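To keep things clear, I will list the structure first and then write my remarks on it.
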Amino acid sequence: MSGNRTFTMIKPDAVENGHIGAILEKITAAGFKIVAMKYTQLSKRDAEQFYAIHKERPFFDELVAFMTRGPIVAAILEKDNAVDDFRALIGATNPAEAAEGTIRKLYAKDIGENAIHGSDSDENAAIESAFHFAGREIF
Ligand code: UDP
């Protein structure tokens, strides 16, 4: 059982393809409450810092270029067991392996341009939320 908050980003591909509304609808229909949200664009420095754990991976430069090429929607979501339930809602990193009906199965192109981010632990949810939001922006 995970805690009651997670962090998400609707990634540039899903924004470009006009899927913000449909994705937010799926998130709220699944019982998540939006407690913080902003439409913003990551700088190169932001993306490098956010994905620092992947900096030695071969896809790192491509990931930073992708995540900075256009706006994203960042949000903090609240629900019992938020991290685990949200990872189930978005599906596997690679949409080819994602379960039917998951957000990545519906809206992602491939393992890189995969439509949406979801924190993978309570600890990372807290770090990622603090990276994007000040306390006064969380309701
Ligand atoms: N990624 C990629 N190529 C890969 C694996 C991951 O471009 O082979 C990107 C993809 O956008 C993914 C992000 O790097 O969402 C972070 O990877 P992670 O393994 O943490 O997957 P996630 O937690 O997002 O499912």
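Going through the structure tokens in order, the chains are called A, B, and so on, while each chain numbers its residues from 1 and the ligands are numbered from 1 in the order shown.
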
Can I get the residues of range 27-86 of chain A within 12 Å of range 100-109 of chain A, each with the closest pair of atoms and their distance in Å to one decimal, using only C-alpha atoms, sorted chain first then ascending number, as a tab-separated table?
```
residue	atom	partner	partner_atom	distance
A:Ile27	CA	A:Ile103	CA	9.0
A:Ala30	CA	A:Thr102	CA	11.1
A:Asp85	CA	A:Thr102	CA	11.4
A:Phe86	CA	A:Thr102	CA	10.0
```

May I ask you to write as a list in words all residues lying at most 8 Å from ligand 1, with only C-alpha atoms and all ligand atoms counted?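 Checked against 8 Å with only C-alpha atoms and all ligand atoms; the hits are Tyr51, His54, Phe59, Phe60, Glu62, Leu63, Arg87, Gly91, Ala92, Thr93, Asn94, Ile111, Gly112, Glu113, Asn114, Ala115, Ile116, His117, Gly118, Ser119 and Asp120 of chain A.
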
Pick the closest to Asp110 in chain A from A:Ala130, A:Ile72, A:Leu89, A:Ala14: which is it, counting only C-alpha atoms?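 Residue with the minimum atom-to-atom distance to Asp110 in chain A: A:Ala14.
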
Which residue out of A:Gly135, A:Gly3, A:Pro95, A:Pro71 has the minimum interatomic distance to Gly18 in chain A when only C-alpha atoms are used?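 Checking each candidate against Gly18 in chain A, we get A:Pro71 as the closest.
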
Please identify the helix (DSSP H, G or I) residues within chain A (assignment by DSSP from backbone atoms) and present them as a VMD selection string. chain A and resid 12 to 16 20 to 29 44 to 50 52 to 54 60 to 68 82 to 90 95 to 97 103 to 107 122 to 132 135 to 137

Can you check which residues of range 61-117 of chain A DSSP gives as strand (DSSP E or B) on the backbone and send them as a PyMOL selection string? chain A and resi 72-78+116-117

Can you pull out every residue within 10 Å of Ile127 in chain A, counting only C-alpha atoms, but drop anything in the same chain fewer than 5 positions away, and send it as a tab-separated table (two decimals) with N, CA and C atoms, in the first residue's frame?
```
chain	number	residue	atom	x	y	z
A	7	PHE	N	2.66	12.22	-8.04
A	7	PHE	CA	2.93	13.33	-8.95
A	7	PHE	C	2.85	12.82	-10.38
A	50	PHE	N	15.30	16.57	-13.18
A	50	PHE	CA	14.16	15.68	-12.89
A	50	PHE	C	14.53	14.23	-13.20
A	119	SER	N	4.91	8.97	-10.56
A	119	SER	CA	5.97	8.67	-9.60
A	119	SER	C	6.00	7.18	-9.30
A	121	SER	N	7.44	5.85	-6.40
A	121	SER	CA	7.49	5.56	-4.95
A	121	SER	C	6.94	6.79	-4.21
A	122	ASP	N	6.57	6.59	-2.97
A	122	ASP	CA	6.11	7.73	-2.15
A	122	ASP	C	7.22	8.76	-2.01
A	132	HIS	N	8.22	20.82	-8.49
A	132	HIS	CA	7.32	21.59	-9.36
A	132	HIS	C	6.41	22.57	-8.64
```

Rank nothing, just name the residue among A:Val15, A:Phe131, A:Ala126, A:Tyr39 nearest to Ala82 in chain A, using only C-alpha atoms.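 Selected residue with least distance to Ala82 in chain A: A:Ala126.
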
From A:Lys79, A:Lys55, A:Arg69, A:His19, residue lying nearest Ile34 in chain A [only C-alpha atoms]: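 Nearest to Ile34 in chain A: A:Lys79.
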
Nearest to Ala125 in chain A: which of A:Ala98, A:Met37, A:Ala88, A:Val83 is it, counting only C-alpha atoms?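 Distance minimum relative to Ala125 in chain A lands on A:Val83.
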
Neighbouring residues of Gly70 in chain A were defined as those with any atom within 10 Å, considering only C-alpha atoms; residues of the same chain fewer than 2 positions away were excluded. Please report them as a list in words. Lys11, Pro12, Asp13, Val15, Glu16, Thr40, Gln41, Leu42, Ser43, Ala65, Phe66, Met67, Thr68 and Ile72 of chain A

Include C-alpha atoms and write out the residues we just selected as a CSV table (one decimal), in the first residue's frame.
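Here's the written file result.csv:
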```csv
chain,number,residue,atom,x,y,z
A,11,LYS,CA,4.1,14.8,-21.5
A,12,PRO,CA,4.7,17.0,-24.6
A,13,ASP,CA,3.5,14.3,-27.0
A,15,VAL,CA,-0.2,17.8,-25.2
A,16,GLU,CA,0.7,18.1,-28.9
A,40,THR,CA,4.3,24.8,-18.0
A,41,GLN,CA,7.4,23.9,-20.0
A,42,LEU,CA,10.6,22.3,-18.6
A,43,SER,CA,13.9,23.9,-19.3
A,65,ALA,CA,15.1,16.8,-25.8
A,66,PHE,CA,11.6,15.2,-25.8
A,67,MET,CA,10.6,16.5,-22.4
A,68,THR,CA,11.6,20.1,-23.2
A,72,ILE,CA,3.4,19.8,-20.2
```

CA of Lys26 in chain A to CA of Asp46 in chain A, distance in Å rounded to a single decimal: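 About the pair CA of Lys26 in chain A and CA of Asp46 in chain A: they are 27.2 Å apart.
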